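Trainee: Got upload38.cif for you, mmCIF, C-alpha atoms and all ligand atoms:
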data_run
loop_
_atom_site.label_atom_id
_atom_site.label_comp_id
_atom_site.auth_asym_id
_atom_site.auth_seq_id
_atom_site.Cartn_x
_atom_site.Cartn_y
_atom_site.Cartn_z
CA MET O 16 159.48 67.90 98.71
CA LYS O 17 159.88 70.87 96.42
CA ILE O 18 157.06 70.99 93.92
CA THR O 19 158.19 72.41 90.60
CA SER O 20 155.09 71.42 88.66
CA ALA O 21 151.70 69.91 89.39
CA GLU O 22 148.99 69.59 86.79
CA PHE O 23 145.76 67.82 86.12
CA ILE O 24 146.37 65.68 83.04
CA THR O 25 143.30 63.61 82.26
CA SER O 26 140.25 61.70 83.45
CA ALA O 27 140.19 58.03 82.47
CA VAL O 28 137.53 55.34 82.61
CA GLY O 29 139.60 52.63 80.96
CA PRO O 30 143.06 51.58 79.75
CA ASN O 31 142.87 53.37 76.38
CA GLN O 32 142.69 56.65 78.30
CA TYR O 33 145.60 56.05 80.71
CA PRO O 34 148.77 58.08 80.02
CA THR O 35 151.38 56.35 77.88
CA ASP O 36 154.60 57.92 79.16
CA GLY O 37 155.37 55.14 81.66
CA LEU O 38 155.77 57.34 84.76
CA PRO O 39 155.14 55.55 88.09
CA GLU O 40 151.62 55.86 89.50
CA ILE O 41 150.29 56.07 93.04
CA ALA O 42 146.55 55.59 93.44
CA LEU O 43 144.57 57.31 96.20
CA VAL O 44 141.44 55.76 97.56
CA GLY O 45 139.00 56.41 100.40
CA ARG O 46 135.40 57.15 101.17
CA SER O 47 133.96 60.51 100.10
CA ASN O 48 134.70 63.29 102.56
CA VAL O 49 137.69 61.52 104.11
CA GLY O 50 139.93 64.41 103.01
CA LYS O 51 141.37 63.01 99.77
CA SER O 52 141.19 66.21 97.69
CA SER O 53 142.58 68.22 100.60
CA LEU O 54 145.49 65.80 100.96
CA LEU O 55 146.23 65.86 97.24
CA ASN O 56 146.23 69.65 97.18
CA LYS O 57 148.48 69.77 100.25
CA MET O 58 150.91 67.25 98.79
CA MET O 59 151.07 69.19 95.51
CA ASN O 60 151.03 72.66 97.14
CA ARG O 61 148.14 73.59 94.86
CA LYS O 62 144.99 74.89 96.45
CA GLY O 63 141.90 73.64 94.64
CA LEU O 64 143.68 71.63 91.95
CA ALA O 65 142.22 68.25 92.93
CA ARG O 66 138.76 69.60 93.57
CA THR O 67 138.44 71.86 90.54
CA SER O 68 139.56 69.15 88.16
CA GLN O 69 136.90 66.80 89.39
CA LYS O 70 133.89 66.90 87.16
CA PRO O 71 130.80 68.07 89.01
CA GLY O 72 128.08 65.55 89.73
CA LYS O 73 128.65 61.87 89.90
CA THR O 74 131.05 61.30 87.03
CA GLN O 75 133.17 58.35 88.03
CA THR O 76 136.65 58.62 86.60
CA LEU O 77 140.26 58.05 87.52
CA ASN O 78 141.82 61.51 87.67
CA TYR O 79 145.49 61.83 86.80
CA PHE O 80 147.71 64.49 88.40
CA GLN O 81 151.32 64.73 87.27
CA VAL O 82 153.87 66.01 89.80
CA ASN O 83 157.35 67.31 88.91
CA LYS O 84 157.16 65.42 85.60
CA GLN O 85 158.12 62.39 87.74
CA LEU O 86 155.02 60.60 88.92
CA TYR O 87 151.24 60.52 88.79
CA PHE O 88 148.77 60.64 91.61
CA VAL O 89 145.70 58.77 90.40
CA ASP O 90 142.64 59.96 92.30
CA PHE O 91 139.98 57.24 92.56
CA PRO O 92 136.29 58.07 92.90
CA GLY O 93 135.37 58.24 96.61
CA TYR O 94 133.30 55.33 97.77
CA GLY O 95 130.38 57.38 98.94
CA TYR O 96 128.96 56.90 95.47
CA ALA O 97 129.65 53.19 95.34
CA LYS O 98 129.81 50.80 98.24
CA VAL O 99 133.00 48.84 97.75
CA ALA O 100 131.85 45.56 99.26
CA LYS O 101 128.74 45.41 97.10
CA SER O 102 129.90 47.05 93.92
CA ILE O 103 133.10 45.16 93.24
CA LYS O 104 131.11 43.51 90.47
CA GLY O 105 129.42 46.76 89.38
CA GLN O 106 130.61 49.52 87.09
CA TRP O 107 132.75 51.23 89.73
CA GLY O 108 134.28 47.88 90.61
CA LYS O 109 135.06 46.97 87.01
CA MET O 110 136.86 50.23 86.33
CA ILE O 111 138.88 49.95 89.55
CA GLU O 112 139.56 46.24 89.12
CA THR O 113 140.84 46.71 85.57
CA TYR O 114 143.18 49.42 86.80
CA LEU O 115 144.38 47.56 89.91
CA LYS O 116 144.97 44.28 88.11
CA GLN O 117 146.39 45.49 84.82
CA ARG O 118 148.19 48.74 85.40
CA LYS O 119 151.91 48.00 85.38
CA GLU O 120 152.77 51.60 86.31
CA LEU O 121 150.89 51.32 89.61
CA ARG O 122 153.45 51.05 92.41
CA PHE O 123 151.28 51.21 95.52
CA ILE O 124 148.02 52.51 96.94
CA ILE O 125 147.50 55.30 99.43
CA GLN O 126 144.36 54.39 101.34
CA LEU O 127 142.82 57.17 103.41
CA VAL O 128 140.85 56.58 106.59
CA ASP O 129 139.57 59.13 109.10
CA ILE O 130 141.75 58.99 112.22
CA ARG O 131 138.71 59.45 114.45
CA HIS O 132 136.84 56.33 113.40
CA ALA O 133 137.46 52.63 113.11
CA PRO O 134 137.66 51.63 109.43
CA SER O 135 134.32 50.82 107.79
CA LYS O 136 133.40 47.57 106.06
CA ASP O 137 134.18 49.26 102.77
CA ASP O 138 137.61 50.37 104.01
CA ILE O 139 138.32 46.79 105.05
CA ALA O 140 137.02 45.40 101.73
CA MET O 141 139.22 47.84 99.81
CA TYR O 142 142.30 46.95 101.84
CA GLU O 143 141.65 43.21 101.42
CA TRP O 144 141.14 43.61 97.68
CA CYS O 145 144.57 45.21 97.33
CA LYS O 146 146.16 42.43 99.39
CA GLU O 147 144.51 39.77 97.18
CA ILE O 148 145.84 41.44 94.06
CA GLY O 149 149.22 41.95 95.72
CA ILE O 150 149.39 45.74 95.80
CA PRO O 151 151.27 47.36 98.71
CA THR O 152 149.26 49.86 100.76
CA VAL O 153 150.25 52.98 102.64
CA VAL O 154 147.42 53.82 105.02
CA VAL O 155 147.00 57.50 105.80
CA ALA O 156 144.94 58.48 108.82
CA THR O 157 143.46 61.85 107.86
CA LYS O 158 142.32 64.85 109.92
CA GLY O 159 144.99 64.29 112.58
CA ASP O 160 144.31 67.78 113.93
CA LYS O 161 140.84 66.65 115.03
CA ILE O 162 142.17 64.56 117.91
CA ALA O 163 144.82 65.26 120.54
CA ARG O 164 148.35 64.18 119.68
CA GLY O 165 148.40 61.97 122.79
CA ARG O 166 145.67 59.80 121.30
CA TRP O 167 147.23 59.31 117.87
CA LEU O 168 148.98 56.05 118.72
CA GLN O 169 145.86 54.49 120.18
CA HIS O 170 143.80 55.46 117.12
CA THR O 171 146.35 54.18 114.62
CA LYS O 172 146.46 50.90 116.55
CA VAL O 173 142.70 50.50 116.14
CA ILE O 174 142.98 51.21 112.40
CA ARG O 175 145.87 48.75 112.05
CA GLN O 176 143.93 46.02 113.85
CA HIS O 177 140.63 46.51 112.02
CA LEU O 178 142.34 46.47 108.63
CA ASN O 179 144.51 43.55 109.75
CA MET O 180 147.44 45.41 108.21
CA ARG O 181 150.32 43.25 107.17
CA GLY O 182 153.57 42.85 105.32
CA ASP O 183 155.46 46.00 104.65
CA ASP O 184 152.33 48.18 104.79
CA THR O 185 152.71 51.36 106.81
CA ILE O 186 150.42 53.88 108.48
CA LEU O 187 150.98 57.64 108.70
CA ILE O 188 149.06 60.48 110.29
CA PHE O 189 148.15 63.45 108.13
CA SER O 190 146.49 66.83 108.52
CA SER O 191 145.70 69.08 105.61
CA GLU O 192 145.04 71.85 108.12
CA THR O 193 148.46 71.83 109.81
CA GLY O 194 150.62 70.09 107.20
CA GLN O 195 151.34 67.31 109.69
CA GLY O 196 152.55 64.21 107.85
CA ARG O 197 153.23 65.89 104.51
CA ASP O 198 157.02 65.45 104.70
CA GLU O 199 156.67 61.92 106.05
CA LEU O 200 154.33 60.94 103.22
CA TRP O 201 156.67 62.38 100.59
CA SER O 202 159.59 60.47 102.21
CA GLU O 203 157.54 57.28 102.13
CA ILE O 204 156.68 57.85 98.46
CA LYS O 205 160.31 58.46 97.53
CA ARG O 206 161.47 55.42 99.52
CA ARG O 207 158.94 53.18 97.78
CA LEU O 208 159.55 54.55 94.29
CA TYR O 209 163.29 55.00 94.25
CA GLU O 210 165.00 52.85 96.93
P1 LIG J 1 137.21 64.20 99.83
O1 LIG J 1 135.75 64.06 99.56
O2 LIG J 1 137.78 62.93 100.38
O3 LIG J 1 138.00 64.73 98.68
O4 LIG J 1 137.35 65.22 101.06
P2 LIG J 1 137.73 66.78 101.09
O5 LIG J 1 139.20 66.96 100.90
O6 LIG J 1 136.83 67.52 100.18
O7 LIG J 1 137.42 67.11 102.62
C1 LIG J 1 136.14 66.88 103.19
C2 LIG J 1 135.94 67.84 104.36
O8 LIG J 1 136.88 67.57 105.38
C3 LIG J 1 136.15 69.31 103.97
O9 LIG J 1 135.23 70.08 104.70
C4 LIG J 1 137.57 69.60 104.43
O10 LIG J 1 137.79 70.94 104.74
C5 LIG J 1 137.69 68.71 105.64
N1 LIG J 1 139.08 68.26 105.87
C6 LIG J 1 139.86 67.60 104.97
N2 LIG J 1 141.07 67.35 105.50
C7 LIG J 1 141.06 67.86 106.75
C8 LIG J 1 142.04 67.92 107.82
O11 LIG J 1 143.17 67.43 107.73
N3 LIG J 1 141.64 68.52 108.99
C9 LIG J 1 140.41 69.05 109.15
N4 LIG J 1 140.11 69.59 110.34
N5 LIG J 1 139.47 69.01 108.18
C10 LIG J 1 139.80 68.44 106.99
#
What does this structure look like when you write it as structure tokens?
Ligand code: GDP
Mentor:
Amino acid sequence: MKITSAEFITSAVGPNQYPTDGLPEIALVGRSNVGKSSLLNKMMNRKGLARTSQKPGKTQTLNYFQVNKQLYFVDFPGYGYAKVAKSIKGQWGKMIETYLKQRKELRFIIQLVDIRHAPSKDDIAMYEWCKEIGIPTVVVATKGDKIARGRWLQHTKVIRQHLNMRGDDTILIFSSETGQGRDELWSEIKRRLYE
């Protein structure tokens, strides 16, 4: 994917702050440190864009990045700050729930999990929540370079099983270090948005 423009647009905590131009949105979710900012920067070919736009400290916002004037990546707060299973009723949960349930522009979720580990309870809760609401999920196993290629299939199987992945949901392997999976993820995005 050739990136002609990538910019941080806004931080939103509720619907009156979401963009109004109607472009399709893809939300990214995962626990803190899973490699979400690194993936975003790699996808957009912009070193530091995702990280630098994030407000320091614990500000919990949905961060909008516009790519090629065509779509938005919506970066969710990592769940290190808020345990998904417990805080679905809390402030984090309300902001996310409002977005997931009401946002017509949302086309699917990219859920990041570390390829090395079985998904956590929070990962499973997040996946289930999207299934209940009816949002398709693309699971991305991050940090693919941290395990040998020969073990990728086995690890993705474990992730698939623990999440009880279903329907048309897919899983891809990604590495921000090597660029592995970048083209595949862009193809998957284009397929889901435009085909
Ligand atoms: P975030 O909290 O989910 O946004 O995670 P970051 O993108 O900040 O990454 C957390 C840590 O993991 C950083 O030290 C990154 O350098 C590292 N990291 C992220 N992606 C990869 C990857 O694909 N491979 C390796 N080896 N390290 C990664």
Trainee: Please write out the residues within 12 Å of ligand LIG 1 (chain J) as number ranges by chain, counting all atoms listed in the file.
Mentor: O: 43-58, 62-69, 90-96, 126-131, 155-162, 188-197
Trainee: What is the atom CA of O:Gly37 to atom CA of O:Met180 distance in Å?
Mentor: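 Straight-line distance from atom CA of O:Gly37 to atom CA of O:Met180 works out to 29.4 Å.
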Trainee: Compile the contact shell of O:Arg175 as a PyMOL selection string: residues with an atom at most 12 Å away, counting all atoms listed in the file, same-chain residues fewer than 5 positions apart removed.
Mentor: chain O and resi 128+130+132-134+138-139+142+152-156+168-170+180-182+184-187
Trainee: Have a look at O:Asp198, O:Ala42, O:Ile18, O:Ser102 and name the one nearest to O:Lys84; count all atoms listed in the file.
Mentor: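 The answer is O:Ile18, which sits nearest to O:Lys84.
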Trainee: Out of O:Glu210, O:Gly149, O:Phe23, O:Asp137, which residue has the shortest atom-to-atom distance to O:Leu178 when counting all atoms listed in the file?
Mentor: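 Closest to O:Leu178 of all the choices is O:Asp137.
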Trainee: Find the distance between atom CA of O:Ala140 and atom CA of O:Asn31 and write it in Å to one decimal.
Mentor: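 Taking atom CA of O:Ala140 as the start and atom CA of O:Asn31 as the end point, the length is 27.2 Å.
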Trainee: Tell me which protein, DNA and RNA residues are within 12 Å of O:Ile24, counting only C-alpha atoms, leaving out same-chain ones fewer than 2 positions away, and put them as a VMD selection string.
Mentor: chain O and resid 20 to 22 26 to 27 32 to 36 64 to 65 68 to 69 77 to 82 84 86 to 90
Trainee: Could you take the residues named above and write them with C-alpha atoms, as a compact mmCIF listing (two decimals), keeping the file's coordinate frame?
Mentor:
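Contents of the output file result-v9.txt:
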# COMPACT_ATOMS: atom_id res chain seq x y z
CA SER O 20 155.09 71.42 88.66
CA ALA O 21 151.70 69.91 89.39
CA GLU O 22 148.99 69.59 86.79
CA SER O 26 140.25 61.70 83.45
CA ALA O 27 140.19 58.03 82.47
CA GLN O 32 142.69 56.65 78.30
CA TYR O 33 145.60 56.05 80.71
CA PRO O 34 148.77 58.08 80.02
CA THR O 35 151.38 56.35 77.88
CA ASP O 36 154.60 57.92 79.16
CA LEU O 64 143.68 71.63 91.95
CA ALA O 65 142.22 68.25 92.93
CA SER O 68 139.56 69.15 88.16
CA GLN O 69 136.90 66.80 89.39
CA LEU O 77 140.26 58.05 87.52
CA ASN O 78 141.82 61.51 87.67
CA TYR O 79 145.49 61.83 86.80
CA PHE O 80 147.71 64.49 88.40
CA GLN O 81 151.32 64.73 87.27
CA VAL O 82 153.87 66.01 89.80
CA LYS O 84 157.16 65.42 85.60
CA LEU O 86 155.02 60.60 88.92
CA TYR O 87 151.24 60.52 88.79
CA PHE O 88 148.77 60.64 91.61
CA VAL O 89 145.70 58.77 90.40
CA ASP O 90 142.64 59.96 92.30
Trainee: Please indicate the distance in Å from atom CA of O:Lys136 to atom CA of O:Lys119, rounded to one decimal place.
Mentor: 27.8 Å
Trainee: Show me, as a list in words, the residues that have an atom within 12 Å of O:Tyr209 when counting all atoms listed in the file, minus same-chain residues fewer than 2 positions from it.
Mentor: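 Surrounding residues, per the criterion: Pro39, Gln85, Leu86, Arg122, Trp201, Ser202, Glu203, Ile204, Lys205, Arg206 and Arg207 of chain O.
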Trainee: Which residue out of O:Ile124, O:Leu208, O:Val173, O:Ala163 has the minimum interatomic distance to O:Ile150 when all atoms listed in the file are used?
Mentor: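 Among O:Ile124, O:Leu208, O:Val173, O:Ala163, it is O:Ile124 that comes nearest to O:Ile150.
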Trainee: With all atoms listed in the file as the basis for distance, which of O:Trp107, O:Thr113, O:Ala100, O:Leu121 is at the shortest distance from O:Glu143?
Mentor: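 Smallest distance to O:Glu143 is found for O:Ala100.
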